[in-house]
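Quick notes on the structure that follows.
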Amino acid sequence: LNMPEGTPGKDHVEEITVGARRARDLVNQMLAYTGQGQFELRAINLNRFVKEMADFLQVSRSKNSVLTYDFAGDLPTIEGDTTQIRQVIMNLITNASEAIGDKNGIITITTGTTRCAAPAGDQWADPGIEREYAYLEVTDTGSGMDESTRDKMFEPFFTTKFTGRGLGMSAVEGIVRGHGGSIEVHSQVGRGTTVRVLFPTILVPAEPARSLGAGDSANSADTDWRGTGTVLVVDDEAVVRSLARTVLELMEFQVLEAADGLEAIDIFNENRDDIRAVILDLTMPQMGGEECFRKLRELQQDVCVILSSGYSEQEITRRFAGVGIRGFLQKPYDIETIRTKIREVLEA
């Protein structure tokens, strides 16, 4: 938030922002739990992926634990959503650290391959037919679990701690199931726990995974960049239009607003020579974004439209493939997301 220190209400606004992000994360976890989350799939090598997370994993473990690695050579590639796979790994490391607690202990991340029958979630394999899986295994020397705890560990909001932090292992199970994989758990009270997640392998070479760093998105945008011309912001929510206006005006754009598609068509028709881009909400009353986009294209074939929606980019790409959409903003978005996207689109 670009609010100077001392601004009245700044602390309350920041608390609201944190709460909204937690709500968004919980919704994403609920989608993951049901296996219905939208994934942005890419080829991943688990060895490389974990290595690029290493610094973050080191600061996430408990102070009394030692993190070690045992990577298999020539590990085959899997297909997965990097954000979701990262959530799985972080959850497993957090659970392992909390199992060790205040005692000294060891957390080991192991990778490898195995052949086994395809789980029910693997839509690309015949049930009961063996195929190859790459696995990631997290082992701790912590307190371990009894049979009753193991039976409940995948229930939503189940926790052995005083307070939970969301869907926990149920979200992990949903993510893994959504990737066509499975989870195996072995635990013994007083000896520790091993959790193995298995993902079906593919033959495509892995892409480099993005490393995770503090301020990653904020540092990627050049805050000194300035634009010219006019941007039309079309959204039925006044607070969304206000946020977009604030950011765009800081970037020195002129801003026009419309609360629905019908109003957007009229405004665009009157100002088409000045408008460089349109940020268009997909779901609005009277005339939605999809119909509005078609009419804007009738007025100007090469109109620059950035769609905005709570749907995932994967879903929007599928629905609007090949029709000339220049970019996508997934709600809820923040200042840096708008700044980065508008620059990316206009400089393309």
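Ligands are numbered from 1 in the order shown, residues from 1 within each chain, and chains are lettered A, B, ... in the order they appear in the structure tokens.
Neighbouring residues of Ala54 (chain A) at 12 Å or closer, counting only C-alpha atoms and skipping chain neighbours under 2 positions away, are Asn47, Arg48, Phe49, Val50, Lys51, Glu52, Phe56, Leu57, Gln58, Val59, Ser60, Arg61, Leu67, Thr68, Tyr69, Arg86, Ile89, Met90, Ile93, Ile109, Ser211, Leu212 and Gly213 of chain A.
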Keeping only N, CA, C and O atoms, write those residues as a PDB file, in the first residue's frame.
ATOM      1  N   ASN A  47      14.027 -32.161  -8.264  1.00  0.00           N
ATOM      2  CA  ASN A  47      15.348 -31.864  -7.702  1.00  0.00           C
ATOM      3  C   ASN A  47      15.676 -30.378  -7.852  1.00  0.00           C
ATOM      4  O   ASN A  47      16.048 -29.697  -6.891  1.00  0.00           O
ATOM      5  N   ARG A  48      15.549 -29.894  -9.061  1.00  0.00           N
ATOM      6  CA  ARG A  48      15.870 -28.492  -9.336  1.00  0.00           C
ATOM      7  C   ARG A  48      14.922 -27.564  -8.583  1.00  0.00           C
ATOM      8  O   ARG A  48      15.335 -26.531  -8.041  1.00  0.00           O
ATOM      9  N   PHE A  49      13.662 -27.950  -8.539  1.00  0.00           N
ATOM     10  CA  PHE A  49      12.647 -27.117  -7.895  1.00  0.00           C
ATOM     11  C   PHE A  49      12.950 -26.944  -6.408  1.00  0.00           C
ATOM     12  O   PHE A  49      12.889 -25.837  -5.871  1.00  0.00           O
ATOM     13  N   VAL A  50      13.284 -28.039  -5.726  1.00  0.00           N
ATOM     14  CA  VAL A  50      13.589 -27.973  -4.296  1.00  0.00           C
ATOM     15  C   VAL A  50      14.878 -27.183  -4.061  1.00  0.00           C
ATOM     16  O   VAL A  50      14.965 -26.381  -3.122  1.00  0.00           O
ATOM     17  N   LYS A  51      15.882 -27.370  -4.915  1.00  0.00           N
ATOM     18  CA  LYS A  51      17.139 -26.627  -4.759  1.00  0.00           C
ATOM     19  C   LYS A  51      16.905 -25.125  -4.854  1.00  0.00           C
ATOM     20  O   LYS A  51      17.521 -24.339  -4.123  1.00  0.00           O
ATOM     21  N   GLU A  52      16.015 -24.713  -5.751  1.00  0.00           N
ATOM     22  CA  GLU A  52      15.750 -23.290  -5.917  1.00  0.00           C
ATOM     23  C   GLU A  52      14.906 -22.733  -4.769  1.00  0.00           C
ATOM     24  O   GLU A  52      14.819 -21.517  -4.598  1.00  0.00           O
ATOM     25  N   PHE A  56      14.715 -20.476   1.169  1.00  0.00           N
ATOM     26  CA  PHE A  56      13.444 -20.251   1.861  1.00  0.00           C
ATOM     27  C   PHE A  56      13.124 -21.405   2.803  1.00  0.00           C
ATOM     28  O   PHE A  56      12.604 -21.186   3.905  1.00  0.00           O
ATOM     29  N   LEU A  57      13.439 -22.623   2.411  1.00  0.00           N
ATOM     30  CA  LEU A  57      13.189 -23.769   3.273  1.00  0.00           C
ATOM     31  C   LEU A  57      14.042 -23.699   4.535  1.00  0.00           C
ATOM     32  O   LEU A  57      13.596 -24.073   5.623  1.00  0.00           O
ATOM     33  N   GLN A  58      15.267 -23.212   4.405  1.00  0.00           N
ATOM     34  CA  GLN A  58      16.158 -23.116   5.562  1.00  0.00           C
ATOM     35  C   GLN A  58      15.602 -22.187   6.628  1.00  0.00           C
ATOM     36  O   GLN A  58      15.676 -22.468   7.822  1.00  0.00           O
ATOM     37  N   VAL A  59      15.014 -21.063   6.208  1.00  0.00           N
ATOM     38  CA  VAL A  59      14.480 -20.124   7.197  1.00  0.00           C
ATOM     39  C   VAL A  59      13.101 -20.550   7.687  1.00  0.00           C
ATOM     40  O   VAL A  59      12.606 -20.009   8.674  1.00  0.00           O
ATOM     41  N   SER A  60      12.488 -21.522   7.019  1.00  0.00           N
ATOM     42  CA  SER A  60      11.148 -21.975   7.423  1.00  0.00           C
ATOM     43  C   SER A  60      11.200 -23.110   8.441  1.00  0.00           C
ATOM     44  O   SER A  60      10.211 -23.372   9.115  1.00  0.00           O
ATOM     45  N   ARG A  61      12.334 -23.769   8.556  1.00  0.00           N
ATOM     46  CA  ARG A  61      12.433 -24.896   9.486  1.00  0.00           C
ATOM     47  C   ARG A  61      12.602 -24.392  10.914  1.00  0.00           C
ATOM     48  O   ARG A  61      12.930 -23.228  11.154  1.00  0.00           O
ATOM     49  N   LEU A  67      18.253 -29.496   8.146  1.00  0.00           N
ATOM     50  CA  LEU A  67      17.601 -29.884   6.893  1.00  0.00           C
ATOM     51  C   LEU A  67      18.631 -30.528   5.975  1.00  0.00           C
ATOM     52  O   LEU A  67      19.658 -29.920   5.659  1.00  0.00           O
ATOM     53  N   THR A  68      18.377 -31.761   5.553  1.00  0.00           N
ATOM     54  CA  THR A  68      19.281 -32.465   4.662  1.00  0.00           C
ATOM     55  C   THR A  68      18.540 -32.893   3.403  1.00  0.00           C
ATOM     56  O   THR A  68      17.310 -32.959   3.380  1.00  0.00           O
ATOM     57  N   TYR A  69      19.321 -33.207   2.362  1.00  0.00           N
ATOM     58  CA  TYR A  69      18.739 -33.565   1.065  1.00  0.00           C
ATOM     59  C   TYR A  69      19.336 -34.880   0.572  1.00  0.00           C
ATOM     60  O   TYR A  69      20.528 -35.171   0.768  1.00  0.00           O
ATOM     61  N   ARG A  86       4.823 -25.840  -4.643  1.00  0.00           N
ATOM     62  CA  ARG A  86       5.549 -25.122  -3.596  1.00  0.00           C
ATOM     63  C   ARG A  86       4.761 -25.154  -2.284  1.00  0.00           C
ATOM     64  O   ARG A  86       5.327 -25.332  -1.205  1.00  0.00           O
ATOM     65  N   ILE A  89       5.226 -28.559  -0.589  1.00  0.00           N
ATOM     66  CA  ILE A  89       6.538 -28.725   0.046  1.00  0.00           C
ATOM     67  C   ILE A  89       6.629 -27.918   1.330  1.00  0.00           C
ATOM     68  O   ILE A  89       7.100 -28.399   2.367  1.00  0.00           O
ATOM     69  N   MET A  90       6.169 -26.644   1.277  1.00  0.00           N
ATOM     70  CA  MET A  90       6.229 -25.797   2.458  1.00  0.00           C
ATOM     71  C   MET A  90       5.381 -26.373   3.590  1.00  0.00           C
ATOM     72  O   MET A  90       5.780 -26.340   4.763  1.00  0.00           O
ATOM     73  N   ILE A  93       7.276 -29.311   5.163  1.00  0.00           N
ATOM     74  CA  ILE A  93       8.415 -28.864   5.970  1.00  0.00           C
ATOM     75  C   ILE A  93       7.923 -28.240   7.278  1.00  0.00           C
ATOM     76  O   ILE A  93       8.498 -28.476   8.355  1.00  0.00           O
ATOM     77  N   ILE A 109      14.731 -34.292   2.969  1.00  0.00           N
ATOM     78  CA  ILE A 109      13.944 -34.274   1.745  1.00  0.00           C
ATOM     79  C   ILE A 109      14.587 -35.238   0.762  1.00  0.00           C
ATOM     80  O   ILE A 109      15.765 -35.087   0.406  1.00  0.00           O
ATOM     81  N   SER A 211      12.577 -19.148  -8.497  1.00  0.00           N
ATOM     82  CA  SER A 211      12.971 -19.177  -7.104  1.00  0.00           C
ATOM     83  C   SER A 211      12.049 -18.275  -6.310  1.00  0.00           C
ATOM     84  O   SER A 211      11.486 -17.329  -6.827  1.00  0.00           O
ATOM     85  N   LEU A 212      11.934 -18.589  -5.017  1.00  0.00           N
ATOM     86  CA  LEU A 212      11.033 -17.837  -4.154  1.00  0.00           C
ATOM     87  C   LEU A 212      11.846 -16.868  -3.340  1.00  0.00           C
ATOM     88  O   LEU A 212      12.772 -17.265  -2.639  1.00  0.00           O
ATOM     89  N   GLY A 213      11.529 -15.603  -3.415  1.00  0.00           N
ATOM     90  CA  GLY A 213      12.273 -14.603  -2.654  1.00  0.00           C
ATOM     91  C   GLY A 213      11.355 -13.541  -2.127  1.00  0.00           C
ATOM     92  O   GLY A 213      10.316 -13.254  -2.686  1.00  0.00           O
TER      93      GLY A 213
END
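The list of residues with at least one atom within 10 Å of Val323 (chain A), based on only C-alpha atoms and without residues fewer than 6 positions apart in the same chain, reads Phe293, Arg294, Arg297 and Thr317 of chain A.
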Please produce a file of those selected residues containing N, CA, C and O atoms, as a short mmCIF file (atom, residue, chain, number, x, y, z; two decimals), in the first residue's frame.
data_model
loop_
_atom_site.label_atom_id
_atom_site.label_comp_id
_atom_site.auth_asym_id
_atom_site.auth_seq_id
_atom_site.Cartn_x
_atom_site.Cartn_y
_atom_site.Cartn_z
N PHE A 293 -16.49 -6.95 -24.94
CA PHE A 293 -15.26 -7.13 -25.72
C PHE A 293 -15.58 -7.28 -27.21
O PHE A 293 -14.92 -6.69 -28.07
N ARG A 294 -16.61 -8.06 -27.52
CA ARG A 294 -16.98 -8.25 -28.92
C ARG A 294 -17.39 -6.91 -29.56
O ARG A 294 -17.00 -6.61 -30.70
N ARG A 297 -14.43 -4.67 -30.21
CA ARG A 297 -13.71 -5.12 -31.41
C ARG A 297 -14.43 -4.68 -32.68
O ARG A 297 -13.78 -4.45 -33.71
N THR A 317 -7.74 -18.13 -20.62
CA THR A 317 -7.01 -18.44 -21.85
C THR A 317 -7.77 -19.46 -22.69
O THR A 317 -7.86 -19.35 -23.92
#
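The smallest atom-to-atom distance between Thr283 (chain A) and any of A:Thr82, A:Thr110, A:Ser308, A:Gln188, using only C-alpha atoms, is found for A:Ser308.
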### Task
Within 8 Å of region 245-254 of chain A, counting only C-alpha atoms, which residues show up once you throw out same-chain ones fewer than 4 positions away? Write them as a list in words, please.
Trp225, Arg226, Gly227, Thr228, Gly229, Thr230, Val231, Val233, Arg241, Ile335, Ile338 and Arg339 of chain A
Include C-alpha atoms and write out the residues we just selected as a PDB file, in the first residue's frame.
ATOM      1  CA  TRP A 225       8.133   3.699 -15.439  1.00  0.00           C
ATOM      2  CA  ARG A 226       5.525   6.182 -16.645  1.00  0.00           C
ATOM      3  CA  GLY A 227       2.883   5.862 -19.344  1.00  0.00           C
ATOM      4  CA  THR A 228       1.030   8.208 -21.660  1.00  0.00           C
ATOM      5  CA  GLY A 229      -2.522   8.384 -22.964  1.00  0.00           C
ATOM      6  CA  THR A 230      -5.777   7.135 -21.466  1.00  0.00           C
ATOM      7  CA  VAL A 231      -6.852   3.842 -19.893  1.00  0.00           C
ATOM      8  CA  VAL A 233     -11.328   0.917 -16.468  1.00  0.00           C
ATOM      9  CA  ARG A 241     -12.179   1.142 -10.212  1.00  0.00           C
ATOM     10  CA  ILE A 335      -0.848  -2.237  -7.025  1.00  0.00           C
ATOM     11  CA  ILE A 338      -1.612  -3.655 -12.241  1.00  0.00           C
ATOM     12  CA  ARG A 339       1.624  -1.746 -12.700  1.00  0.00           C
TER      13      ARG A 339
END
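Restricting the calculation to only C-alpha atoms, the smallest distance between Val189 (chain A) and any of A:Ala99, A:Leu75, A:Ala238, A:Ile325 is found for A:Ala99.
The space between CA of Asn91 (chain A) and CA of Thr193 (chain A) spans 13.9 Å.
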